[in-house]
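This report refers to the structure that appears directly beneath it.
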Amino acid sequence: MKGIKKGILYKRVQVIAFIAATSPFVQVSAQDKQAKDTLSVGPAGHKKDSLQLRRITHQEDAMDIVKKVFKAKKDVKADSANLQPGVLYPSILPAIGYTVVNGGTATVGVNISFYTDSINTTNLSTISASPLVSLLHQFTLPIISSVFTKNNKINFLGDWRYYKYPSFTYGLGGYTSLNNADLIDYSYIKFNQEVLYHLGHDVYAGIGYDFEYHFNMVNDGPDNASYEAYPNTNLSQTTSSGFVAHIKYDSRTNTNNPREAAFGSIIYRYNTPLLGSNNEWQSVQIEMRKYFKVGNRENVLAFWSWNEFTYGGTVPYFDLPSTGWDTYANSGRGYIQGRYRGSSLAYLEGEYRFQITNNGLLGGVVFLNGETVPEYPSNKFETINTGEGIGLRIKMNRYSDTNLCIDYAFGNGGSQGIFFNLGEVF
């Protein structure tokens with residue numbers, strides 16, 4: 001890994017070689033009225049999006065286009081489709097790509113959506129995974145899940161990851177340079193599992209456990225003064241293990257593509273040597289999202305705020321808040337993952353999503369984001385680093401309303417890159 005050029009500007013750049021949107025395994029019913037009634041009322045007494053049935057019956061996705069091209073047999077009329085519990089609505093994105101930091105890569109993005117009970121009382125559940133391998137010995141396997149039981153009584157949240165991840169780190173604070181990077185080879189295991197109970201009025205609360213283990217850490221690059229100055233960066237392994245308390249408000253009925261909804265979350269984490277942590281430390285994570293429908297078309301103005309604060313002890317370097325290390329690794333479009341790091345991080349993004357074609361197959365976005373981390377060791381916020389860009393949306397599965405997101409973003413100092421996601425970025 002030595003000798004790889006420093007100053008990498010790009011997050012993973014993937015060139016799509018093949019797109020496969022698996023046709024949903026929908027059991028078809030001739031009872032149109034039943035399907036319409038099922039779609040009319042949402043969880044906890046809230047009215048579901050009145051356009052949901054129209055999206056399914058009048059829109060087209062990538063699989064519909066494939067069928068047209070190959071003149072495949074058409075499905076029974078979609079307006080008689082009855083979304084049923086236990087039916088899977090998968091979207092799959094195989095892709096290959098190249099970047100100077102990853103070399104050649106191969107990845108498969110998978111999103112599986114389903115209902116565990118009648119959709120008039122239960123939110124859509126999702127499980128997503130995106131395994132990646134590269135010619136530079138990187139392997140990542142994140143599995144993120146949000147599963148709702150009947151009537152949304154319980155929400156199971158999972159974030160499981162395994163990374164073999166040689167990558168660059170740029171030190172602490174907002175003044176760091178792309179030309180002053182350390183290549184760190186390490187492996188990473190994360191296990192986070194939470195159980196939240198529905199308290200009513202879209203409010204959930206519960207507890208969980210969070211375990212993060214970085215091991216086989218080797219510094220393969222020249223010393224970075226900012227990185228080396230932080231305590232215990234010479235360790236070969238670190239462990240953070242602790243309890244989680246979580247309260248959230250979530251009016252989204254479909255997390256793949258929210259409309260006219262709001263989300264708020266506060267997570268408190270307490271890490272302790274009693275559970276195997278190297279150090280005792282605490283953190284608070286505050287996240288907010290708001291979605292406004294604009295006009296009569298499928299246009300949405302969306303805002304996202306992601307904030308992390310650590311305190312009460314020495315946090316292992318790679319557990320510090322950092323660009324692109326949110327749950328879905330989507331923050332900081334315009335910058336490589338890990339570009340900015342500090343004891344805290346405040347992030348804000350706005351995005352306008354608009355429809356391009358009337359059949360819902362194509363859409364577009366424009367977005368702007370900004371983030372700030374404190375300097376070390378003063379712990380003062382002094383900089384705001386911004387990113388902006390445009391993107392294309394391709395409907396992969398109209399039943400789960402899942403889009404393929406292709407964005408081009410710019411950051412400060414010449415940083416830029418292409419970013420892919422299966423499902424909206426936030």
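Every chain in the structure tokens takes a letter, A first, then B, and so on in the order presented; its residues are numbered from 1, and the ligands are numbered from 1 following the presented order.
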
Can you list every residue in range 63-175 of chain A that DSSP puts in helix (DSSP H, G or I), as a list in words? Met63, Asp64, Ile65, Val66, Lys67, Lys68, Val69, Ala78, Asp79, Ser80, Lys150, Asn151 and Asn152 of chain A

What residues in range 211-251 of chain A get the DSSP label strand (DSSP E)? Please answer as a PyMOL selection string. chain A and resi 211-219+238-250

Near Asn123 in chain A, within 7 Å and counting only C-alpha atoms, which residues show up once chain neighbours fewer than 4 positions away are dropped, as a ChimeraX atom specification? /A:43,115,119,148,152,253-254

Between A:Phe292, A:Tyr230, A:Tyr399, A:Phe215, which one has atoms that come closest to Glu260 in chain A, using only C-alpha atoms? A:Phe292

In Å, how far is it from CA of Leu199 in chain A to CA of Ile286 in chain A? 19.5 Å

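Rounded to one decimal, CA of Ile384 in chain A and CA of Leu368 in chain A lie 12.6 Å from each other.
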
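Computed from the coordinates, the CA of Ile143 in chain A to CA of Arg161 in chain A distance equals 6.2 Å.
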
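Closest approach to Asn234 in chain A among A:Thr107, A:Val366, A:Lys68, A:Asn216 is made by A:Asn216 (distances from only C-alpha atoms).
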
Can you work out which one of A:Glu424, A:Glu194, A:Glu298, A:Asp319 has the shortest atom-to-atom distance to Asp407 in chain A, counting only C-alpha atoms? A:Glu424

List the neighbours of Asp185 in chain A out to 12 Å using only C-alpha atoms; skip same-chain residues closer than 4 positions along the sequence, and give me the result as a ChimeraX atom specification. /A:1-2,136-139,163-169,214-221,236-237,318

Residues from last step as file, C-alpha atoms, as a PDB file, in the first residue's frame:
```
ATOM      1  CA  MET A   1       0.000   0.000   0.000  1.00  0.00           C
ATOM      2  CA  LYS A   2       3.004   2.310   0.331  1.00  0.00           C
ATOM      3  CA  LEU A 136      -6.189  -2.846  -3.083  1.00  0.00           C
ATOM      4  CA  HIS A 137      -7.320  -5.430  -0.540  1.00  0.00           C
ATOM      5  CA  GLN A 138     -10.352  -3.548   0.737  1.00  0.00           C
ATOM      6  CA  PHE A 139     -13.507  -5.395   1.714  1.00  0.00           C
ATOM      7  CA  TYR A 163     -14.462  -3.675   7.054  1.00  0.00           C
ATOM      8  CA  LYS A 164     -10.967  -4.587   5.910  1.00  0.00           C
ATOM      9  CA  TYR A 165     -10.223  -0.998   5.125  1.00  0.00           C
ATOM     10  CA  PRO A 166      -6.807   0.477   4.301  1.00  0.00           C
ATOM     11  CA  SER A 167      -7.621   4.169   3.778  1.00  0.00           C
ATOM     12  CA  PHE A 168      -6.356   7.710   4.271  1.00  0.00           C
ATOM     13  CA  THR A 169      -6.860   9.890   7.326  1.00  0.00           C
ATOM     14  CA  HIS A 214     -10.728  -1.538  15.270  1.00  0.00           C
ATOM     15  CA  PHE A 215      -7.841  -3.993  15.022  1.00  0.00           C
ATOM     16  CA  ASN A 216      -4.721  -4.868  13.030  1.00  0.00           C
ATOM     17  CA  MET A 217      -4.055  -1.124  12.706  1.00  0.00           C
ATOM     18  CA  VAL A 218      -0.842  -0.275  10.882  1.00  0.00           C
ATOM     19  CA  ASN A 219       0.343   3.172   9.767  1.00  0.00           C
ATOM     20  CA  ASP A 220       1.592   2.626   6.206  1.00  0.00           C
ATOM     21  CA  GLY A 221       2.215   6.279   5.354  1.00  0.00           C
ATOM     22  CA  SER A 236      -2.828  -1.752  17.194  1.00  0.00           C
ATOM     23  CA  GLN A 237      -6.427  -2.144  18.349  1.00  0.00           C
ATOM     24  CA  PHE A 318     -11.353   6.171  14.529  1.00  0.00           C
TER      25      PHE A 318
END
```

My list of candidates is A:Thr383, A:Asn359, A:Lys248, A:Gly334. Which is closest to Ile418 in chain A when distances are computed with only C-alpha atoms? A:Gly334

Name all residues at most 10 Å from Val108 in chain A (count only C-alpha atoms; drop same-chain ones fewer than 4 positions away) and give them as a VMD selection string. chain A and resid 19 92 to 96 129 to 133

Okay, now the selection with C-alpha atoms, as a short mmCIF file (atom, residue, chain, number, x, y, z; two decimals), in the first residue's frame?
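Final file, again_27.cif:
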```
data_model
loop_
_atom_site.label_atom_id
_atom_site.label_comp_id
_atom_site.auth_asym_id
_atom_site.auth_seq_id
_atom_site.Cartn_x
_atom_site.Cartn_y
_atom_site.Cartn_z
CA ILE A 19 -28.25 -2.64 -13.35
CA ILE A 92 -30.34 -4.74 -6.72
CA LEU A 93 -27.45 -2.71 -8.14
CA PRO A 94 -24.32 -4.59 -9.26
CA ALA A 95 -21.54 -2.19 -10.27
CA ILE A 96 -17.84 -2.08 -11.05
CA ALA A 129 -26.44 -4.24 2.26
CA SER A 130 -23.62 -3.15 -0.05
CA PRO A 131 -20.63 -5.53 -0.02
CA LEU A 132 -17.54 -4.17 -1.82
CA VAL A 133 -14.17 -5.63 -2.76
#
```

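Minimum atom-to-atom distances from A:Gly264, A:Gly423, A:Gly350, A:Gly332 to Asn397 in chain A were compared using only C-alpha atoms, and the lowest value belongs to A:Gly423.
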
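The residue set within 9 Å of Thr233 in chain A, counting only C-alpha atoms and dropping same-chain residues fewer than 4 places from it, reads A:Tyr227, A:Glu228, A:Ala229, A:Pro316, A:Tyr317.
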
Create the file for the chosen residues now, containing N, CA and C atoms and written as an mmCIF file, in the first residue's frame.
```cif
data_model
loop_
_atom_site.group_PDB
_atom_site.id
_atom_site.type_symbol
_atom_site.label_atom_id
_atom_site.label_comp_id
_atom_site.auth_asym_id
_atom_site.auth_seq_id
_atom_site.Cartn_x
_atom_site.Cartn_y
_atom_site.Cartn_z
ATOM 1 N N TYR A 227 -2.482 13.812 13.131
ATOM 2 C CA TYR A 227 -2.907 12.472 13.510
ATOM 3 C C TYR A 227 -2.060 11.943 14.669
ATOM 4 N N GLU A 228 -0.760 12.100 14.575
ATOM 5 C CA GLU A 228 0.145 11.566 15.589
ATOM 6 C C GLU A 228 -0.007 12.277 16.930
ATOM 7 N N ALA A 229 -0.500 13.527 16.920
ATOM 8 C CA ALA A 229 -0.617 14.283 18.166
ATOM 9 C C ALA A 229 -1.745 13.771 19.044
ATOM 10 N N PRO A 316 -11.310 6.787 21.114
ATOM 11 C CA PRO A 316 -10.371 6.267 20.116
ATOM 12 C C PRO A 316 -10.460 7.057 18.814
ATOM 13 N N TYR A 317 -9.333 7.279 18.177
ATOM 14 C CA TYR A 317 -9.258 8.159 17.011
ATOM 15 C C TYR A 317 -10.305 7.811 15.962
#
```

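Residues within 7 Å of Leu361 in chain A, counting only C-alpha atoms and excluding same-chain residues fewer than 2 positions away, are A:Gln59, A:Glu60, A:Asp61, A:Thr357, A:Asn359, A:Gly363, A:Ile394, A:Lys395.
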
Would you output that residue set with N, CA and C atoms, as a PDB file, in the first residue's frame?
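Listing of part-v2.pdb after writing:
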```
ATOM      1  N   GLN A  59     -46.712   4.741 -12.543  1.00  0.00           N
ATOM      2  CA  GLN A  59     -45.295   4.962 -12.779  1.00  0.00           C
ATOM      3  C   GLN A  59     -44.639   3.729 -13.383  1.00  0.00           C
ATOM      4  N   GLU A  60     -43.432   3.942 -13.909  1.00  0.00           N
ATOM      5  CA  GLU A  60     -42.631   2.848 -14.445  1.00  0.00           C
ATOM      6  C   GLU A  60     -41.273   2.857 -13.768  1.00  0.00           C
ATOM      7  N   ASP A  61     -40.708   1.653 -13.605  1.00  0.00           N
ATOM      8  CA  ASP A  61     -39.372   1.558 -13.049  1.00  0.00           C
ATOM      9  C   ASP A  61     -38.442   0.901 -14.065  1.00  0.00           C
ATOM     10  N   THR A 357     -39.526  12.968 -15.696  1.00  0.00           N
ATOM     11  CA  THR A 357     -40.490  12.328 -16.586  1.00  0.00           C
ATOM     12  C   THR A 357     -41.794  12.071 -15.838  1.00  0.00           C
ATOM     13  N   ASN A 359     -43.732   9.601 -16.008  1.00  0.00           N
ATOM     14  CA  ASN A 359     -43.925   8.216 -15.562  1.00  0.00           C
ATOM     15  C   ASN A 359     -43.107   7.874 -14.314  1.00  0.00           C
ATOM     16  N   GLY A 363     -35.731  11.376 -12.337  1.00  0.00           N
ATOM     17  CA  GLY A 363     -35.825  12.583 -11.536  1.00  0.00           C
ATOM     18  C   GLY A 363     -34.453  13.200 -11.373  1.00  0.00           C
ATOM     19  N   ILE A 394     -33.073   7.408 -10.815  1.00  0.00           N
ATOM     20  CA  ILE A 394     -33.682   6.393 -11.681  1.00  0.00           C
ATOM     21  C   ILE A 394     -34.508   5.470 -10.806  1.00  0.00           C
ATOM     22  N   LYS A 395     -35.791   5.333 -11.127  1.00  0.00           N
ATOM     23  CA  LYS A 395     -36.675   4.486 -10.328  1.00  0.00           C
ATOM     24  C   LYS A 395     -36.307   3.021 -10.554  1.00  0.00           C
TER      25      LYS A 395
END
```

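Restricting the calculation to only C-alpha atoms, the smallest distance between Gln355 in chain A and any of A:His246, A:Lys67, A:Lys290, A:Arg393 is found for A:Arg393.
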